[in-house]
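Below is the file my_file.cif, which contains mmCIF, C-alpha atoms (C1' of nucleotides).
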```cif
data_final
loop_
_atom_site.label_atom_id
_atom_site.label_comp_id
_atom_site.auth_asym_id
_atom_site.auth_seq_id
_atom_site.Cartn_x
_atom_site.Cartn_y
_atom_site.Cartn_z
CA MET A 1 0.00 0.00 0.00
CA PRO A 2 1.47 3.42 -0.93
CA ASP A 3 2.16 5.72 1.98
CA SER A 4 -0.21 8.28 0.47
CA GLU A 5 -3.11 5.87 1.03
CA ARG A 6 -1.98 4.65 4.41
CA LEU A 7 -1.45 8.21 5.63
CA PRO A 8 -4.14 10.27 3.90
CA SER A 9 -2.78 13.50 5.36
CA LEU A 10 0.40 13.01 3.35
CA ARG A 11 -1.41 14.37 0.31
CA SER A 12 -1.85 17.74 1.99
CA ARG A 13 1.75 17.91 3.11
CA ARG A 14 4.31 19.81 1.08
CA PRO A 15 7.51 18.07 -0.02
CA ALA A 16 10.61 18.63 2.09
CA ARG A 17 13.32 20.88 0.65
CA ARG A 18 16.97 20.28 1.52
CA LEU A 19 18.14 22.66 4.24
CA ARG A 20 21.33 24.58 3.57
CA ARG A 21 23.97 24.96 6.26
CA SER A 22 23.38 28.72 6.29
CA GLU A 23 19.80 28.07 7.43
CA LEU A 24 20.88 26.23 10.58
CA PRO A 25 21.11 28.44 13.68
CA VAL A 26 24.72 28.96 14.82
CA ASP A 27 24.13 27.79 18.38
CA THR A 28 23.58 24.33 19.81
CA ILE A 29 20.52 25.19 21.91
CA LYS A 30 18.87 27.16 19.12
CA LEU A 31 19.57 24.41 16.61
CA SER A 32 18.06 21.81 18.94
CA ARG A 33 14.87 23.84 19.20
CA TYR A 34 14.92 24.65 15.46
CA LEU A 35 15.13 21.00 14.40
CA VAL A 36 11.79 20.08 16.01
CA GLY A 37 9.34 19.88 13.10
CA LYS A 38 12.03 19.57 10.42
CA THR A 39 12.50 16.42 8.35
CA LEU A 40 15.17 13.71 8.43
CA VAL A 41 15.48 11.81 5.14
CA HIS A 42 17.55 8.77 4.20
CA ASP A 43 17.60 7.70 0.55
CA LEU A 44 18.27 3.96 0.55
CA PRO A 45 18.69 1.55 -2.37
CA GLU A 46 15.28 0.06 -1.55
CA GLY A 47 13.58 3.44 -1.27
CA ARG A 48 13.27 6.57 0.80
CA VAL A 49 12.65 6.61 4.53
CA SER A 50 11.78 9.88 6.21
CA GLY A 51 10.19 11.33 9.29
CA ARG A 52 9.40 14.55 11.09
CA ILE A 53 11.82 15.26 13.95
CA VAL A 54 9.67 15.52 17.08
CA GLU A 55 12.23 15.28 19.91
CA THR A 56 15.82 16.51 20.31
CA GLU A 57 18.41 17.09 23.04
CA ALA A 58 21.18 19.69 23.04
CA TYR A 59 24.73 18.83 24.20
CA PRO A 60 26.45 22.22 24.03
CA VAL A 61 30.04 23.33 24.64
CA GLY A 62 30.99 23.07 28.31
CA ASP A 63 28.32 20.48 29.12
CA ALA A 64 29.82 17.70 31.26
CA ALA A 65 27.26 15.23 29.83
CA ALA A 66 28.40 15.84 26.24
CA HIS A 67 30.65 13.33 24.53
CA SER A 68 32.81 16.23 23.36
CA PHE A 69 33.37 17.55 26.90
CA ARG A 70 36.79 15.93 27.38
CA GLY A 71 38.07 16.81 23.95
CA GLN A 72 38.31 15.15 20.57
CA THR A 73 38.82 11.37 20.33
CA PRO A 74 38.51 8.85 17.48
CA ARG A 75 34.95 8.13 18.56
CA ASN A 76 33.56 11.65 18.82
CA GLY A 77 35.46 13.37 16.01
CA SER A 78 32.32 14.09 13.99
CA LEU A 79 31.04 16.38 16.75
CA PHE A 80 33.92 18.71 15.85
CA LEU A 81 32.86 19.09 12.20
CA ALA A 82 30.98 22.19 11.05
CA ARG A 83 27.32 22.24 12.05
CA GLY A 84 25.12 19.91 9.97
CA HIS A 85 27.28 16.77 10.00
CA ALA A 86 26.14 13.41 11.37
CA TYR A 87 27.73 12.00 14.54
CA VAL A 88 26.67 8.38 14.98
CA TYR A 89 27.87 6.21 17.85
CA PHE A 90 27.07 2.81 19.37
CA ALA A 91 25.58 2.74 22.86
CA TYR A 92 24.79 0.08 25.44
CA GLY A 93 25.99 -2.68 23.15
CA SER A 94 22.83 -2.59 21.10
CA SER A 95 21.81 0.79 19.73
CA TRP A 96 23.11 3.40 17.31
CA MET A 97 22.50 7.06 18.12
CA MET A 98 22.17 9.83 15.58
CA ASN A 99 23.42 13.32 16.42
CA ILE A 100 23.95 16.46 14.38
CA SER A 101 27.05 18.58 14.93
CA SER A 102 26.04 22.06 15.93
CA GLU A 103 28.92 24.55 16.07
CA ALA A 104 31.84 25.80 13.98
CA ALA A 105 34.49 23.38 12.71
CA GLY A 106 36.88 22.54 15.53
CA VAL A 107 34.27 23.15 18.24
CA GLY A 108 32.70 20.03 19.73
CA ALA A 109 28.91 20.05 20.33
CA GLY A 110 25.85 18.34 18.99
CA VAL A 111 22.12 17.67 19.00
CA LEU A 112 20.77 14.16 19.64
CA ILE A 113 17.75 13.16 17.55
CA ARG A 114 15.50 11.24 19.96
CA ALA A 115 12.29 10.60 18.03
CA LEU A 116 10.66 10.84 14.62
CA ASP A 117 7.09 10.88 13.35
CA PRO A 118 7.36 8.38 10.46
CA ILE A 119 6.35 9.75 7.05
CA GLU A 120 7.80 7.86 4.08
CA GLY A 121 8.99 4.25 3.74
CA ILE A 122 7.05 2.92 6.68
CA ASP A 123 7.15 -0.57 5.16
CA ILE A 124 10.97 -0.35 5.00
CA MET A 125 11.11 0.83 8.61
CA GLU A 126 8.94 -2.10 9.69
CA ARG A 127 11.36 -4.50 8.05
CA ASN A 128 14.40 -2.77 9.53
CA ARG A 129 12.87 -2.86 13.01
CA GLY A 130 11.17 -6.22 12.87
CA VAL A 131 7.98 -4.76 14.32
CA SER A 132 4.82 -3.40 12.74
CA ARG A 133 3.29 -1.26 15.48
CA LEU A 134 3.62 2.31 14.19
CA THR A 135 4.49 3.86 17.54
CA ASP A 136 7.29 1.35 18.10
CA LEU A 137 9.13 2.25 14.88
CA THR A 138 10.91 5.50 15.71
CA ARG A 139 10.11 6.43 19.35
CA GLY A 140 13.55 6.63 20.94
CA PRO A 141 17.04 7.30 19.57
CA GLY A 142 18.06 3.67 19.16
CA ARG A 143 14.81 2.72 17.48
CA LEU A 144 14.82 5.57 14.98
CA ALA A 145 18.39 4.82 13.92
CA GLN A 146 17.50 1.18 13.31
CA ALA A 147 14.34 2.14 11.40
CA MET A 148 16.23 4.64 9.23
CA HIS A 149 19.19 2.30 8.69
CA ILE A 150 21.62 4.73 10.33
CA ASN A 151 24.84 3.27 11.74
CA LYS A 152 28.62 3.71 11.68
CA ALA A 153 28.55 4.03 7.88
CA GLN A 154 26.73 7.37 8.22
CA ASP A 155 29.09 8.83 10.86
CA GLY A 156 30.64 12.02 9.51
CA LEU A 157 28.26 12.51 6.58
CA ASP A 158 27.52 16.12 5.65
CA LEU A 159 23.74 16.39 5.95
CA CYS A 160 23.85 19.69 4.04
CA SER A 161 25.75 18.41 1.01
CA PRO A 162 23.53 18.73 -2.11
CA HIS A 163 23.62 15.01 -2.94
CA SER A 164 24.02 13.40 0.48
CA PRO A 165 21.75 10.32 0.86
CA LEU A 166 21.14 11.36 4.47
CA TRP A 167 19.83 14.90 4.73
CA LEU A 168 17.79 17.45 6.65
CA GLY A 169 14.59 18.75 5.07
CA SER A 170 12.30 21.68 5.70
CA ALA A 171 9.07 21.27 7.67
CA ILE A 172 6.30 19.61 5.64
CA GLN A 173 3.46 20.83 7.85
CA PRO A 174 3.02 23.40 10.62
CA THR A 175 4.99 22.51 13.75
CA GLY A 176 3.05 22.16 16.98
CA ALA A 177 3.94 23.89 20.25
CA VAL A 178 7.43 22.99 21.47
CA GLY A 179 7.88 21.85 25.07
CA ILE A 180 11.08 21.82 27.12
CA THR A 181 12.27 19.46 29.86
CA THR A 182 15.45 18.00 31.31
CA ARG A 183 17.26 15.42 29.22
CA ILE A 184 16.62 11.70 29.50
CA GLY A 185 18.89 9.11 31.05
CA LEU A 186 21.65 11.37 32.40
CA SER A 187 23.31 11.56 35.79
CA ARG A 188 25.60 14.53 35.06
CA GLU A 189 24.03 17.93 34.30
CA ALA A 190 20.64 16.33 34.91
CA HIS A 191 18.89 19.59 35.81
CA ARG A 192 19.51 21.42 32.54
CA LEU A 193 16.47 22.10 30.33
CA PHE A 194 17.99 20.95 27.05
CA ARG A 195 15.30 18.61 25.73
CA PHE A 196 12.87 19.90 23.10
CA PHE A 197 9.79 18.13 21.73
CA GLU A 198 6.53 18.68 19.89
CA ARG A 199 3.91 18.74 22.63
CA GLY A 200 1.42 15.89 22.62
CA ASN A 201 3.03 14.05 19.73
CA PRO A 202 2.60 10.29 20.27
CA PHE A 203 6.04 9.50 18.87
CA VAL A 204 7.88 11.47 21.56
CA SER A 205 9.77 9.22 24.01
CA GLY A 206 9.25 10.09 27.65
CA PRO A 207 7.43 13.19 28.96
CA ARG A 208 5.61 15.14 26.27
CA SER A 209 3.61 17.73 28.14
CA LEU A 210 5.88 19.56 30.60
CA LEU A 211 6.77 23.21 30.35
CA GLY A 212 7.17 24.86 27.00
"C1'" DG B 1 -0.67 2.30 32.15
"C1'" DT B 2 4.18 2.04 35.36
"C1'" DA B 3 8.35 -0.51 37.32
"C1'" DT B 4 12.20 -3.31 37.19
"C1'" DG B 5 16.11 -6.07 35.61
"C1'" DG B 6 19.16 -8.20 32.13
"C1'" DA B 7 21.85 -8.01 27.76
"C1'" DT B 8 25.00 -5.88 25.12
"C1'" DG B 9 29.97 -3.32 23.59
"C1'" DT B 10 32.71 0.73 24.10
"C1'" DT B 11 34.92 4.12 26.89
"C1'" DC B 12 36.77 5.77 30.96
"C1'" DT B 13 38.79 5.46 35.75
"C1'" DG C 1 35.65 -2.68 37.33
"C1'" DA C 2 32.13 0.86 36.59
"C1'" DA C 3 29.50 3.83 33.84
"C1'" DC C 4 26.84 4.55 29.99
"C1'" DA C 5 22.61 10.08 25.69
"C1'" DT C 6 19.05 2.17 25.41
"C1'" DC C 7 15.86 -1.51 24.44
"C1'" DC C 8 13.14 -5.40 25.42
"C1'" DA C 9 10.60 -8.72 28.12
"C1'" DT C 10 8.25 -9.47 32.09
"C1'" DA C 11 5.51 -8.47 36.15
"C1'" DC C 12 2.34 -5.85 38.26
"C1'" DT C 13 -1.57 -2.07 39.34
#
```

Can you turn what I pasted into structure tokens?
Amino acid sequence: MPDSERLPSLRSRRPARRLRRSELPVDTIKLSRYLVGKTLVHDLPEGRVSGRIVETEAYPVGDAAAHSFRGQTPRNGSLFLARGHAYVYFAYGSSWMMNISSEAAGVGAGVLIRALDPIEGIDIMERNRGVSRLTDLTRGPGRLAQAMHINKAQDGLDLCSPHSPLWLGSAIQPTGAVGITTRIGLSREAHRLFRFFERGNPFVSGPRSLLG
DNA sequence: GTATGGATGTTCT
DNA sequence: GAACATCCATACT
């Protein structure tokens, strides 16, 4: 079944346009907030998978919870690329995590993508995940990476390059109200309000109605 | 619906 | 050894 029949509202959505680097705010917190409602697209050999970004977390310069806090290493090097590059790492022995670098080249900071609202290629995501329940496909950073087929091979990709298979797109529909809370799963810097999400969206992992 | 515990691999102390 | 930006299955209210 085509996505346009399965998701009737897709017909009223506008197509996503590739975002240029110059459109991304030059600040980790602002970028984290800005990315809610934008589109993440991965063009795969078997077809396109895409979703609306509905939850992000900022890991700015000077944040002790950020992977870049103790300086550049082989693992976190992509965080030190100019804003708009992918930083993908393996966590807890089971999950890949997709981040977007967020500052000038040489400065380490990033935005974690925590949840997507699936739009295109839902059948591909179901196969990649091995589940069919829509809300289980992309709710959570590990799940969305698996659904979108994002792993070490995408680490370091420039999401703003004109022909990159993995790219950021403009919003395809109006973005709902954005809420703010503390980040999920941290012990250090646990009080900081660096998590942004579209309020009430069922694909958001964790709290989706506080503050904002 | 919430709560808990185990599995898993890499990084750091 | 311990910690970790998680997920899944299971148990329970």

Distance limit 9 Å, atoms considered: all atoms listed in the file. Which chain B residues sit that close to chain A? Return them as a CSV table (one decimal) with C-alpha atoms (C1' of nucleotides), in the frame of the given file.
```csv
chain,number,residue,atom,x,y,z
B,7,DA,C1',21.8,-8.0,27.8
B,8,DT,C1',25.0,-5.9,25.1
B,9,DG,C1',30.0,-3.3,23.6
B,10,DT,C1',32.7,0.7,24.1
```

*Taking the file above as input, evaluate the PyMOL selection byres ((chain C) within 8 of (chain A)) and report the hits as a list of chain:residue names.*
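After applying the PyMOL selection byres ((chain C) within 8 of (chain A)), what remains is C:DC4, C:DA5, C:DT6, C:DC7.
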
*Answer key for the PyMOL selection byres ((chain A and resi 105) around 7), residues as an MDAnalysis selection string*: chainID A and resid 80:82 103:104 106:107

_Output of the PyMOL selection byres ((chain B and resi 3) around 12), listed as a ChimeraX atom specification_ = /B:1-2,4-5 /C:10-13

_When you look at A:Ile150 with a cut-off of 8 Å (counting only C-alpha atoms (C1' of nucleotides)), what residues show up, excluding the ones that are within fewer than 4 positions of it in the same chain? I need them as JSON, numbers by chain._
{"A": [88, 96, 98, 145, 146, 154]}

*In Å, rounded to a single decimal, give me how far atom CA of A:Leu35 is from atom CA of A:Gly47.*
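Separation between atom CA of A:Gly47 and atom CA of A:Leu35: 23.6 Å.
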
*Work out how far atom CA of A:Glu55 is from atom CA of A:Pro162, in Å to one decimal.*
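These atoms are spaced 25.0 Å apart.
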